[in-house]
Structure formats: structure tokens, C-alpha cells
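Engineer: Just passing along the structure, written as C-alpha cells.
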Number of protein chains: 2
Amino acid sequence: MPTVGDYGPGVRHEDFELDEEKCWALLGSSGIGRFAFTHGGRIQVFPVHYAVHRGSVYFRTSAEGVIAAALPQEGAAFEIDSARPDAQAGWSVLVSGTASAVEDSGLLTELFGLAVEEPWAGGIRDRFVRLVPRQLTGRQVFLA
Amino acid sequence: MPTVGDYGPGVRHEDFELDEEKCWALLGSSGIGRFAFTHGGRIQVFPVHYAVHRGSVYFRTSAEGVIAAALPQEGAAFEIDSARPDAQAGWSVLVSGTASAVEDSGLLTELFGLAVEEPWAGGIRDRFVRLVPRQLTGRQVFLA
């Protein structure tokens, strides 16, 4: 049986792109992911509880926080991933698009009605952020 | 005993900033984190195996990939986090700074000598990326 040394580093590892359908399946209806945006000349990345609703990604934040101050923003991103260290395997999904504060009262009513876990961070976080996907890409890696 | 409803959403949740010493402790010597950078007009975020060495964050990538093509880059970021859903608690650490390809042969020798897990993705990933921290910030959230 060949060993890693027979192939050199990385050769027995494989990765492939996930199609959009698979990416939506991995996003599911809600969970914990990371919102990435530019503020003050640098990229900032924070974990958030998200929900998927009618093809967009939503999460709640504070109206006075750094995220709200950076909206609206094109080229923002949202990432989820999962790793199985025992198998040296994992996947990640990246949602790219424009992030903006939700202002529509009808949509806000829908969003507050979703069964989504409340933010863990303190204070009043009643500002919904919407990320409309322009690109949805994913990648899976594993040990062949 | 008061319930969440007595306080309104978010009021029993608290969050506080972590100092740099605590952020370095959470980074440890190695692990899985997420590198965030700008490429093609959007933020991209990918999980990587990282190592901390002499005050910088390092990881390996492919010389032909999208990360290598985007270097050097100011305002890049690296994020780690941990969540304990049972306790509605978690933390995240964000490293901000300039990311660049490591060219120094002496440093490369040191880096290849570190006991760090090999990238899980396929192909030859022998390009080390260095992120020199300019800002190191962290946050902890919990249910009070």
C-alpha cells in the first residue's frame, strides 16, 4: 500500500468545487457563519447567527455597531465551513454580494417571525442585515 | 427567577473585548482559521491550517492559486472562533495586517520545520503566506 511519502506532500489530498445547489443545501435554513466586510481600511470578520430566507442570508446586529456603520457595502461576504480533523476533510461555502440594512417593514415582520436563535452578543441587536448573493461558491477537501 | 422575557431580547447576553495577551493565547501555536482578503472586487474567505511563529501568522497555499495572486495585500485578515451552543457562548479573534508570500530561505526552512498539519486541499501547496499583525482584537460573548 502506498504511503504519503510515495507521492510527496499534498498529492493524496484532493479538492473540488461545489455547485450552487450543494452550497444552498450546506447553508440550510440557519446556523453560525462569519460575516466579512471592509471597515476602516481593513477586512473585519465576525461570527453571527444567520438565517436563509427567500434566497438571501440574514443576521441581526446592533444599530450602533461597526457592521451597521459599514452598510450598505458591495463585495461583502459570508462564510460557513466544517472540518473533520480525524478524516483530514472539510468544506467551506462563500456567499458574495451586497450587504444592506433591512428597512422594509413587511420583510422585517417576516424575519422576526423566523425561528432563528437570538444573537449571543449583548445589547439590543434588532437591526437585520441582508446579504443578497451575487456569487455562491463552495469547496470540499478530503484525503483521497 | 427572572426570565429572558423580563428583560427583552439580548439584555441577558453580554460581550466584552479580549486583550492582546488573551488573543495570542487563543491563537496558540497552530490550528484551523480563516484567511480573508480582497480579490476581484470582493472579499474572499477560506479556511486554512495556520501556525504562529515569532509573532506572525503563517499558512501554506498553492503558488498558482487565488490567494497567491492577491499578495502582497494590506488590510488582510485572519479569524478564529469557537462556539458553545449549549451555553450560548463563544469567542472570536481577528488578526489584521499585511499578508505577503515568504521569500526568505532561512525563514522558509524554519517554517517547514514546524510541526504543523499539512493542508487538506490537493496539489502542491508549498507557498507560505505570512500575516504580520498590525491589529489584534478579540471578543467574548456569553449568557449572563
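Naming scheme: A, B, ... for chains in displayed order of the C-alpha cells; residues 1 onward per chain; ligands 1 onward as shown.
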Pick out the chain A residues within 8 Å of chain B. Count only C-alpha atoms. Give them as a short mmCIF file (atom, residue, chain, number, x, y, z; two decimals) with N, CA, C and O atoms, in the first residue's frame.

Structural biologist:
data_model
loop_
_atom_site.label_atom_id
_atom_site.label_comp_id
_atom_site.auth_asym_id
_atom_site.auth_seq_id
_atom_site.Cartn_x
_atom_site.Cartn_y
_atom_site.Cartn_z
N PRO A 9 4.15 15.73 -0.57
CA PRO A 9 3.12 16.43 0.20
C PRO A 9 1.96 16.87 -0.67
O PRO A 9 2.14 17.37 -1.77
N GLY A 10 0.75 16.66 -0.18
CA GLY A 10 -0.44 17.20 -0.84
C GLY A 10 -0.99 16.35 -1.95
O GLY A 10 -2.13 16.51 -2.38
N VAL A 11 -0.23 15.40 -2.44
CA VAL A 11 -0.65 14.69 -3.65
C VAL A 11 -1.83 13.77 -3.37
O VAL A 11 -2.68 13.55 -4.24
N ARG A 12 -1.92 13.23 -2.18
CA ARG A 12 -3.05 12.35 -1.87
C ARG A 12 -4.28 13.14 -1.39
O ARG A 12 -5.32 12.58 -1.13
N HIS A 13 -4.11 14.45 -1.27
CA HIS A 13 -5.26 15.28 -0.91
C HIS A 13 -5.94 15.77 -2.18
O HIS A 13 -5.28 16.10 -3.16
N GLU A 14 -7.26 15.81 -2.14
CA GLU A 14 -7.99 16.29 -3.31
C GLU A 14 -9.00 17.35 -2.88
O GLU A 14 -9.43 17.39 -1.73
N ASP A 15 -9.34 18.23 -3.80
CA ASP A 15 -10.39 19.19 -3.54
C ASP A 15 -11.19 19.42 -4.81
O ASP A 15 -10.68 19.27 -5.91
N ALA A 36 -17.97 38.96 6.62
CA ALA A 36 -16.72 39.67 6.34
C ALA A 36 -17.02 40.93 5.54
O ALA A 36 -17.74 40.88 4.54
N PHE A 37 -16.46 42.03 5.98
CA PHE A 37 -16.74 43.32 5.35
C PHE A 37 -15.53 44.22 5.55
O PHE A 37 -14.65 43.94 6.37
N GLY A 41 -10.44 50.60 6.42
CA GLY A 41 -9.27 50.20 5.64
C GLY A 41 -8.80 48.78 5.85
O GLY A 41 -7.76 48.38 5.36
N ARG A 42 -9.59 48.00 6.58
CA ARG A 42 -9.22 46.59 6.77
C ARG A 42 -10.46 45.71 6.71
O ARG A 42 -11.58 46.18 6.92
N ILE A 43 -10.22 44.46 6.43
CA ILE A 43 -11.31 43.49 6.43
C ILE A 43 -11.60 43.09 7.87
O ILE A 43 -10.69 42.83 8.65
N GLN A 44 -12.87 43.07 8.22
CA GLN A 44 -13.27 42.60 9.54
C GLN A 44 -14.15 41.38 9.36
O GLN A 44 -14.93 41.30 8.42
N VAL A 45 -14.01 40.44 10.27
CA VAL A 45 -14.74 39.16 10.18
C VAL A 45 -15.31 38.85 11.56
O VAL A 45 -14.57 38.80 12.54
N PHE A 46 -16.63 38.66 11.63
CA PHE A 46 -17.27 38.35 12.90
C PHE A 46 -18.26 37.19 12.75
O PHE A 46 -19.02 37.15 11.79
N PRO A 47 -18.26 36.29 13.72
CA PRO A 47 -19.28 35.23 13.70
C PRO A 47 -20.66 35.80 13.99
O PRO A 47 -20.81 36.70 14.83
N GLU A 74 -20.98 46.79 -1.09
CA GLU A 74 -20.79 45.80 -2.15
C GLU A 74 -19.55 44.96 -1.83
O GLU A 74 -18.64 45.42 -1.17
N GLY A 75 -19.52 43.76 -2.35
CA GLY A 75 -18.33 42.92 -2.19
C GLY A 75 -18.14 42.37 -0.79
O GLY A 75 -17.06 41.91 -0.44
N ALA A 76 -19.21 42.42 0.01
CA ALA A 76 -19.15 41.79 1.33
C ALA A 76 -19.26 40.27 1.16
O ALA A 76 -19.56 39.78 0.08
N ALA A 77 -19.01 39.55 2.24
CA ALA A 77 -19.00 38.10 2.13
C ALA A 77 -19.52 37.45 3.40
O ALA A 77 -19.49 38.03 4.49
N GLU A 79 -19.31 33.45 5.16
CA GLU A 79 -18.65 32.15 5.02
C GLU A 79 -19.14 31.18 6.08
O GLU A 79 -19.31 31.53 7.24
N ASP A 81 -18.19 26.95 7.25
CA ASP A 81 -17.31 25.82 6.96
C ASP A 81 -17.48 24.75 8.00
O ASP A 81 -18.13 24.95 9.04
N GLN A 88 -9.15 14.42 7.95
CA GLN A 88 -8.49 15.46 7.16
C GLN A 88 -9.40 15.92 6.03
O GLN A 88 -8.97 16.08 4.89
N ALA A 89 -10.66 16.14 6.36
CA ALA A 89 -11.65 16.52 5.36
C ALA A 89 -12.45 17.71 5.84
O ALA A 89 -12.54 17.98 7.05
N SER A 92 -16.15 24.35 2.70
CA SER A 92 -16.48 25.73 3.01
C SER A 92 -17.36 26.28 1.89
O SER A 92 -17.28 25.85 0.75
N LEU A 94 -18.87 30.11 0.39
CA LEU A 94 -18.68 31.55 0.42
C LEU A 94 -19.80 32.23 -0.37
O LEU A 94 -20.01 31.92 -1.54
N SER A 96 -21.02 35.81 -1.73
CA SER A 96 -20.53 37.16 -2.02
C SER A 96 -21.66 38.01 -2.57
O SER A 96 -22.46 37.52 -3.38
N GLY A 97 -21.70 39.26 -2.14
CA GLY A 97 -22.74 40.13 -2.66
C GLY A 97 -22.80 41.44 -1.91
O GLY A 97 -21.85 41.81 -1.20
N GLU A 118 -31.37 33.73 18.84
CA GLU A 118 -31.05 35.11 19.13
C GLU A 118 -29.52 35.31 19.15
O GLU A 118 -28.79 34.40 19.51
N PRO A 119 -29.05 36.49 18.77
CA PRO A 119 -27.60 36.74 18.88
C PRO A 119 -27.10 36.50 20.31
O PRO A 119 -27.81 36.80 21.27
N TRP A 120 -25.89 35.97 20.42
CA TRP A 120 -25.33 35.72 21.74
C TRP A 120 -24.71 36.98 22.34
O TRP A 120 -24.50 37.07 23.55
N ALA A 121 -24.35 37.91 21.49
CA ALA A 121 -23.71 39.12 22.00
C ALA A 121 -24.74 39.98 22.72
O ALA A 121 -25.95 39.84 22.52
N GLY A 122 -24.25 40.87 23.58
CA GLY A 122 -25.15 41.65 24.43
C GLY A 122 -25.76 42.84 23.73
O GLY A 122 -25.41 43.20 22.61
N GLY A 123 -26.68 43.48 24.43
CA GLY A 123 -27.31 44.69 23.93
C GLY A 123 -28.44 44.40 22.96
O GLY A 123 -28.74 43.25 22.66
N ILE A 124 -29.07 45.44 22.53
CA ILE A 124 -30.21 45.32 21.62
C ILE A 124 -29.68 45.17 20.20
O ILE A 124 -29.01 46.06 19.68
N ARG A 125 -29.96 44.04 19.59
CA ARG A 125 -29.47 43.75 18.24
C ARG A 125 -30.66 43.51 17.32
O ARG A 125 -30.91 42.40 16.90
N VAL A 141 -12.72 19.49 0.54
CA VAL A 141 -11.37 18.92 0.53
C VAL A 141 -11.39 17.60 1.29
O VAL A 141 -12.16 17.42 2.24
N PHE A 142 -10.57 16.67 0.88
CA PHE A 142 -10.52 15.38 1.57
C PHE A 142 -9.23 14.66 1.21
O PHE A 142 -8.50 15.03 0.28
N LEU A 143 -8.98 13.63 1.99
CA LEU A 143 -7.82 12.77 1.77
C LEU A 143 -8.25 11.64 0.85
O LEU A 143 -9.14 10.86 1.20
#

Engineer: Write out as a PyMOL selection string the set of residues from segment 2-143 of chain B that DSSP, computed on the backbone, places in helix (DSSP H, G or I).

Structural biologist: chain B and resi 4-7+20-27+66-69+85-87+105-112

Engineer: Convert the current residue selection to file output with N, CA, C and O atoms, as a tab-separated table (two decimals), in the first residue's frame.

Structural biologist:
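Generated file (again_15.tsv):
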chain	number	residue	atom	x	y	z
B	4	VAL	N	-35.92	35.48	30.32
B	4	VAL	CA	-35.45	36.35	29.24
B	4	VAL	C	-36.52	37.40	28.91
B	4	VAL	O	-36.23	38.56	28.66
B	5	GLY	N	-37.78	36.97	28.98
B	5	GLY	CA	-38.87	37.87	28.63
B	5	GLY	C	-38.95	39.10	29.52
B	5	GLY	O	-39.44	40.15	29.12
B	6	ASP	N	-38.44	38.98	30.76
B	6	ASP	CA	-38.48	40.12	31.67
B	6	ASP	C	-37.52	41.23	31.24
B	6	ASP	O	-37.65	42.37	31.68
B	7	TYR	N	-36.54	40.87	30.46
B	7	TYR	CA	-35.51	41.85	30.11
B	7	TYR	C	-35.59	42.31	28.66
B	7	TYR	O	-35.03	43.32	28.31
B	20	GLU	N	-4.79	41.74	24.04
B	20	GLU	CA	-3.88	41.08	23.10
B	20	GLU	C	-3.29	39.79	23.67
B	20	GLU	O	-3.13	38.80	22.95
B	21	GLU	N	-2.97	39.82	24.95
B	21	GLU	CA	-2.39	38.62	25.57
B	21	GLU	C	-3.35	37.44	25.48
B	21	GLU	O	-2.97	36.31	25.13
B	22	LYS	N	-4.63	37.71	25.75
B	22	LYS	CA	-5.63	36.66	25.67
B	22	LYS	C	-5.81	36.19	24.22
B	22	LYS	O	-5.99	35.00	23.95
B	23	CYS	N	-5.74	37.15	23.26
B	23	CYS	CA	-5.87	36.78	21.84
B	23	CYS	C	-4.74	35.84	21.41
B	23	CYS	O	-4.97	34.85	20.73
B	24	TRP	N	-3.51	36.16	21.82
B	24	TRP	CA	-2.38	35.28	21.49
B	24	TRP	C	-2.55	33.91	22.11
B	24	TRP	O	-2.24	32.88	21.49
B	25	ALA	N	-3.07	33.88	23.33
B	25	ALA	CA	-3.29	32.59	24.00
B	25	ALA	C	-4.32	31.76	23.24
B	25	ALA	O	-4.16	30.54	23.10
B	26	LEU	N	-5.35	32.40	22.73
B	26	LEU	CA	-6.37	31.66	21.99
B	26	LEU	C	-5.84	31.20	20.63
B	26	LEU	O	-6.21	30.12	20.15
B	27	LEU	N	-4.99	32.00	20.02
B	27	LEU	CA	-4.37	31.59	18.75
B	27	LEU	C	-3.51	30.35	18.96
B	27	LEU	O	-3.45	29.46	18.11
B	66	VAL	N	-5.59	31.53	-6.05
B	66	VAL	CA	-6.14	32.87	-5.97
B	66	VAL	C	-5.53	33.66	-4.81
B	66	VAL	O	-5.38	34.88	-4.88
B	67	ILE	N	-5.14	32.97	-3.74
B	67	ILE	CA	-4.52	33.68	-2.62
B	67	ILE	C	-3.17	34.23	-3.03
B	67	ILE	O	-2.87	35.42	-2.82
B	68	ALA	N	-2.34	33.39	-3.65
B	68	ALA	CA	-1.01	33.85	-4.07
B	68	ALA	C	-1.11	35.02	-5.05
B	68	ALA	O	-0.30	35.96	-5.01
B	69	ALA	N	-2.14	34.99	-5.91
B	69	ALA	CA	-2.31	36.05	-6.90
B	69	ALA	C	-2.67	37.38	-6.26
B	69	ALA	O	-2.47	38.44	-6.86
B	85	PRO	N	-22.70	26.15	21.70
B	85	PRO	CA	-24.15	26.39	21.58
B	85	PRO	C	-24.93	26.06	22.85
B	85	PRO	O	-25.92	26.73	23.15
B	86	ASP	N	-24.50	25.05	23.61
B	86	ASP	CA	-25.23	24.68	24.82
B	86	ASP	C	-25.23	25.81	25.83
B	86	ASP	O	-26.15	25.94	26.63
B	87	ALA	N	-24.19	26.65	25.79
B	87	ALA	CA	-24.07	27.74	26.76
B	87	ALA	C	-24.38	29.09	26.12
B	87	ALA	O	-24.28	30.13	26.78
B	105	SER	N	14.79	32.43	2.52
B	105	SER	CA	15.06	30.98	2.58
B	105	SER	C	15.28	30.51	4.02
B	105	SER	O	14.88	29.39	4.36
B	106	GLY	N	15.90	31.33	4.84
B	106	GLY	CA	16.10	30.94	6.22
B	106	GLY	C	14.78	30.79	6.96
B	106	GLY	O	14.58	29.82	7.70
B	107	LEU	N	13.89	31.74	6.72
B	107	LEU	CA	12.58	31.67	7.35
B	107	LEU	C	11.79	30.47	6.82
B	107	LEU	O	11.11	29.76	7.58
B	108	LEU	N	11.90	30.21	5.52
B	108	LEU	CA	11.19	29.05	4.95
B	108	LEU	C	11.66	27.75	5.60
B	108	LEU	O	10.86	26.87	5.90
B	109	THR	N	12.95	27.65	5.83
B	109	THR	CA	13.49	26.46	6.50
B	109	THR	C	12.87	26.31	7.88
B	109	THR	O	12.47	25.21	8.28
B	110	GLU	N	12.79	27.42	8.60
B	110	GLU	CA	12.16	27.38	9.93
B	110	GLU	C	10.71	26.92	9.83
B	110	GLU	O	10.24	26.08	10.60
B	111	LEU	N	9.99	27.47	8.86
B	111	LEU	CA	8.55	27.20	8.75
B	111	LEU	C	8.28	25.75	8.37
B	111	LEU	O	7.39	25.10	8.91
B	112	PHE	N	9.08	25.21	7.44
B	112	PHE	CA	8.88	23.81	7.07
B	112	PHE	C	9.25	22.87	8.22
B	112	PHE	O	8.84	21.71	8.24

Engineer: What separation in Å, quoted to one decimal, exists between atom CA of Val48 of chain A and atom CA of Leu136 of chain B?

Structural biologist: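 Straight-line distance from atom CA of Val48 of chain A to atom CA of Leu136 of chain B works out to 19.3 Å.
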
Engineer: From the options A:Val102, A:Gln73, A:Gly28, A:Gly113, which residue's atoms come nearest to Gly55 of chain A, counting only C-alpha atoms?

Structural biologist: A:Gly28

Engineer: So which one's closest to Ala63 of chain A, A:Arg84, A:Glu103, A:Tyr50, A:Glu17? Using only C-alpha atoms, please.

Structural biologist: A:Glu103
